[in-house]
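Here is the structure we will look at, set down as structure tokens.
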Amino acid sequence: MEYTTLSNGVKMPMLGYGVYQVSPQECERCVLDALGAGYRLLDTAQSYFNEAQVGSAIRKSGVPREDIFLTTKVWVEHYGQQAARASVLDSMEKLGVDYLDLVLLHQPFADYYGAWRALEELYDEGLVRAIGVSNFYPDRLVDLASFARIRPMVDQVEIHPYHQQAEAIQWMKKYGVQPEAWAPFGEGRGGLFSDPALTDIGRRHGRTAAQVMLRWHLQRGVAVIPKSVHLERMRENLDVFDFSLSEEEMESIAALDKKQSAFFSHQDPNMVEWFVEMVEQRRHRQGGSKAE
């Protein structure tokens with residue numbers, strides 16, 4: 001395993017297991033498989049509705065808690081200082097842990113400054129070892145890094161060969177923020193798994209296109225959290241530390257950049273309205289009660 005050292009000195013694995021879109025019904029089994037395969041970074045979120053299952057798997061795995069780097073995220077409806085603090089403590093209860101290794105603000109909307117102050121407090125109290133953000137574009141990241149008391153230590157954003165985020169990564173580096181990729185394979189959109197450049201490089205190394213993509217991320221200094229519900233694929237994704245891509249191969253992948261999200265833009269007003277509607281629908285559905 002390769003590690004990165006965050007700006008506050010905390011060591012974080014560069015490759016972990018993400019549970020986005022892993023159903024609560026199969027999440028515990030998947031996390032147990034991942035831990036058994038050797039993963040030690042686990043990434044979940046309040047909005048994934050599977051924190052309790054992740055926590056159950058950790059307890060059943062027999063892996064010491066201190067050997068696991070556990071990440072969760074605060075959802076938008078819990079922003080604001082008091083609400084965010086309460087939601088993180090609720091996440092800890094669901095996960096069955098007395099501290100978290102990393103907590104991220106999941107989206108750059110609503111009162112993220114109030115939520116950030118809550119994370120700063122939890123960090124000061126030792127309940128959270130590192131704090132960061134997710135989906136913060138360079139403008140919002142620089143804003144928060146410049147005016148908050150504690151700078152974000154991680155920014156988890158969409159990064160894959162078709163959307164390489166070179167400029168965003170440069171801004172992160174300037175402010176000492178570790179880039180982390182969600183959807184490191186772009187969910188295969190646009191034929192990414194069968195892209196000739198990636199498959200040709202894979203053949204030269206006896207690797208799959210997915211393994212080539214993960215190696216490319218790591219050599220760029222980007223942490224990754226690939227998700228799979230299949231044990232063999234989990235093992236395959238973890239098997240990327242015994243080969244390297246040449247400078248020429250890295251340049252070949254760099255040429256694939258379309259500089260456009262495969263999903264959506266957080267700067268699109270229509271998408272912002274979609275997030276607002278989703279938050280309101282969840283509040284109405286849950287009658288104002290806490291959400292996972």
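Scheme for the structure tokens: letters A, B, ... for chains in order shown; per-chain residue numbers from 1; ligand numbers from 1 in order shown.
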Any idea what's packed within 12 Å of Gly126 of chain A, counting only C-alpha atoms, ignoring anything in its chain fewer than 3 positions away? Could you give it as a PDB file with C-alpha atoms, in the first residue's frame?
```
ATOM      1  CA  ASP A  98     -15.483   6.828  19.080  1.00  0.00           C
ATOM      2  CA  TYR A  99     -13.523   8.771  16.465  1.00  0.00           C
ATOM      3  CA  LEU A 100     -13.440   9.269  12.697  1.00  0.00           C
ATOM      4  CA  ASP A 101     -10.301   9.497  10.593  1.00  0.00           C
ATOM      5  CA  LEU A 102     -11.751  11.891   8.022  1.00  0.00           C
ATOM      6  CA  LEU A 119     -15.802  20.104  11.788  1.00  0.00           C
ATOM      7  CA  GLU A 120     -13.125  22.427  13.158  1.00  0.00           C
ATOM      8  CA  GLU A 121     -14.568  21.974  16.661  1.00  0.00           C
ATOM      9  CA  LEU A 122     -14.693  18.190  16.334  1.00  0.00           C
ATOM     10  CA  TYR A 123     -11.127  18.216  15.039  1.00  0.00           C
ATOM     11  CA  ARG A 129      -8.434  13.185  12.899  1.00  0.00           C
ATOM     12  CA  ALA A 130      -8.747  15.112   9.612  1.00  0.00           C
ATOM     13  CA  ILE A 131     -11.354  17.266   7.879  1.00  0.00           C
TER      14      ILE A 131
END
```
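DSSP annotation of segment 71-284 of chain A from backbone atoms: strand (DSSP E or B) residues are A:Thr71, A:Thr72, A:Lys73, A:Val74, A:Leu100, A:Leu102, A:Val103, A:Leu104, A:Leu105, A:Val128, A:Ile131, A:Gly132, A:Val133, A:Ser134, A:Val154, A:Asp155, A:Gln156, A:Val157, A:Glu158, A:His160, A:His163, A:Gln178, A:Pro179, A:Glu180, A:Ala181, A:Trp182, A:Ala223, A:Val224.
The closest residue to Thr44 of chain A, picked from A:Leu214, A:Arg29, A:Tyr20, A:Pro64 and counting only C-alpha atoms, is A:Tyr20.
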12 Å contact set for Asp195 of chain A, only C-alpha atoms, chain neighbours under 3 positions out, as an MDAnalysis selection string: chainID A and resid 161:162 185 188:192 198:202 208:210 212:213 252:253 256
Would you kindly return, as a compact mmCIF listing (two decimals) with C-alpha atoms, in the first residue's frame, each protein, DNA or RNA residue with an atom no farther than 12 Å from any atom of Ala110 of chain A, considering only C-alpha atoms and excluding same-chain residues fewer than 5 positions away?
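Result written to part26.txt:
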```
# COMPACT_ATOMS: atom_id res chain seq x y z
CA TRP A 75 -24.98 15.82 3.82
CA VAL A 76 -26.36 19.22 2.84
CA GLU A 77 -29.51 19.10 4.99
CA HIS A 78 -27.26 18.87 8.06
CA TYR A 79 -25.25 21.99 7.28
CA GLY A 80 -25.00 24.79 9.80
CA GLN A 81 -22.82 24.55 12.87
CA ALA A 84 -23.50 19.42 11.34
CA LEU A 105 -18.55 18.23 3.66
CA ALA A 115 -20.81 23.14 8.91
CA TRP A 116 -17.08 23.70 8.54
CA VAL A 272 -28.12 23.33 -7.89
CA GLU A 273 -31.92 23.46 -8.04
CA PHE A 275 -29.96 19.36 -5.11
CA VAL A 276 -32.33 21.80 -3.38
CA VAL A 279 -33.00 17.98 0.13
```
Please list as a PyMOL selection string every residue within 9 Å of segment 35-38 of chain A, counting only C-alpha atoms and excluding residues in the same chain fewer than 3 positions away. chain A and resi 17+30-32+41-42+57-58+61+63+68+231+234-235+238
Write the residues of the preceding selection, restricted to N, CA and C atoms, as a PDB file, in the first residue's frame.
```pdb
ATOM      1  N   TYR A  17     -11.593   1.610  -0.297  1.00  0.00           N
ATOM      2  CA  TYR A  17     -12.825   0.997  -0.799  1.00  0.00           C
ATOM      3  C   TYR A  17     -13.998   1.931  -0.528  1.00  0.00           C
ATOM      4  N   CYS A  30     -19.873  -6.773   1.602  1.00  0.00           N
ATOM      5  CA  CYS A  30     -18.860  -6.158   0.736  1.00  0.00           C
ATOM      6  C   CYS A  30     -17.705  -5.583   1.546  1.00  0.00           C
ATOM      7  N   VAL A  31     -18.013  -4.902   2.640  1.00  0.00           N
ATOM      8  CA  VAL A  31     -16.950  -4.309   3.457  1.00  0.00           C
ATOM      9  C   VAL A  31     -16.123  -5.405   4.121  1.00  0.00           C
ATOM     10  N   LEU A  32     -16.765  -6.465   4.559  1.00  0.00           N
ATOM     11  CA  LEU A  32     -16.008  -7.599   5.117  1.00  0.00           C
ATOM     12  C   LEU A  32     -15.078  -8.183   4.058  1.00  0.00           C
ATOM     13  N   LEU A  41      -8.638   1.646   3.953  1.00  0.00           N
ATOM     14  CA  LEU A  41      -9.383   2.905   3.887  1.00  0.00           C
ATOM     15  C   LEU A  41     -10.802   2.572   3.451  1.00  0.00           C
ATOM     16  N   LEU A  42     -11.778   2.987   4.248  1.00  0.00           N
ATOM     17  CA  LEU A  42     -13.191   2.802   3.919  1.00  0.00           C
ATOM     18  C   LEU A  42     -13.847   4.169   3.789  1.00  0.00           C
ATOM     19  N   ALA A  57     -19.599  -4.286   9.824  1.00  0.00           N
ATOM     20  CA  ALA A  57     -18.537  -5.054   9.170  1.00  0.00           C
ATOM     21  C   ALA A  57     -17.187  -4.825   9.848  1.00  0.00           C
ATOM     22  N   ILE A  58     -16.916  -3.587  10.229  1.00  0.00           N
ATOM     23  CA  ILE A  58     -15.652  -3.293  10.917  1.00  0.00           C
ATOM     24  C   ILE A  58     -15.553  -4.116  12.201  1.00  0.00           C
ATOM     25  N   SER A  61     -15.017  -7.830  11.433  1.00  0.00           N
ATOM     26  CA  SER A  61     -13.830  -8.172  10.643  1.00  0.00           C
ATOM     27  C   SER A  61     -12.656  -8.662  11.480  1.00  0.00           C
ATOM     28  N   VAL A  63     -10.344  -6.712  12.288  1.00  0.00           N
ATOM     29  CA  VAL A  63      -9.249  -5.776  12.002  1.00  0.00           C
ATOM     30  C   VAL A  63      -9.266  -4.692  13.074  1.00  0.00           C
ATOM     31  N   ILE A  68      -7.669   0.939  10.527  1.00  0.00           N
ATOM     32  CA  ILE A  68      -8.628   1.330   9.497  1.00  0.00           C
ATOM     33  C   ILE A  68      -8.734   2.850   9.430  1.00  0.00           C
ATOM     34  N   LEU A 231     -15.662  -9.744  -5.023  1.00  0.00           N
ATOM     35  CA  LEU A 231     -14.387  -9.918  -4.335  1.00  0.00           C
ATOM     36  C   LEU A 231     -13.210  -9.964  -5.301  1.00  0.00           C
ATOM     37  N   MET A 234     -12.397  -6.539  -6.353  1.00  0.00           N
ATOM     38  CA  MET A 234     -11.752  -5.826  -5.244  1.00  0.00           C
ATOM     39  C   MET A 234     -10.268  -6.151  -5.202  1.00  0.00           C
ATOM     40  N   ARG A 235      -9.958  -7.448  -5.304  1.00  0.00           N
ATOM     41  CA  ARG A 235      -8.547  -7.868  -5.271  1.00  0.00           C
ATOM     42  C   ARG A 235      -7.781  -7.308  -6.461  1.00  0.00           C
ATOM     43  N   LEU A 238      -6.864  -3.722  -6.002  1.00  0.00           N
ATOM     44  CA  LEU A 238      -5.815  -3.520  -5.001  1.00  0.00           C
ATOM     45  C   LEU A 238      -4.436  -3.905  -5.527  1.00  0.00           C
TER      46      LEU A 238
END
```
Contacts of Pro179 of chain A within 8 Å, only C-alpha atoms, excl. fewer than 5 positions in-chain, as a PDB file with C-alpha atoms, in the first residue's frame:
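Wrote part-v5.pdb, looks like this:
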```pdb
ATOM      1  CA  VAL A 154      -8.713  16.617   1.403  1.00  0.00           C
ATOM      2  CA  ASP A 155     -10.950  17.496  -1.549  1.00  0.00           C
ATOM      3  CA  GLN A 156     -12.770  14.511  -3.030  1.00  0.00           C
ATOM      4  CA  VAL A 157     -13.884  15.286  -6.584  1.00  0.00           C
ATOM      5  CA  ILE A 169      -5.349  19.560  -8.672  1.00  0.00           C
ATOM      6  CA  MET A 172      -5.275  21.813  -4.273  1.00  0.00           C
ATOM      7  CA  GLY A 221      -0.688  11.791  -6.462  1.00  0.00           C
ATOM      8  CA  VAL A 222      -4.463  11.295  -6.441  1.00  0.00           C
ATOM      9  CA  ALA A 223      -5.999   9.006  -3.813  1.00  0.00           C
TER      10      ALA A 223
END
```
Would you please extract all helix (DSSP H, G or I) residues from segment 10-236 of chain A, as assigned by DSSP on the backbone, and give them as a PyMOL selection string? chain A and resi 24-37+46-48+51-61+65-67+76-78+81-95+112-124+138-147+166-174+186-194+196-205+209-219+231-236
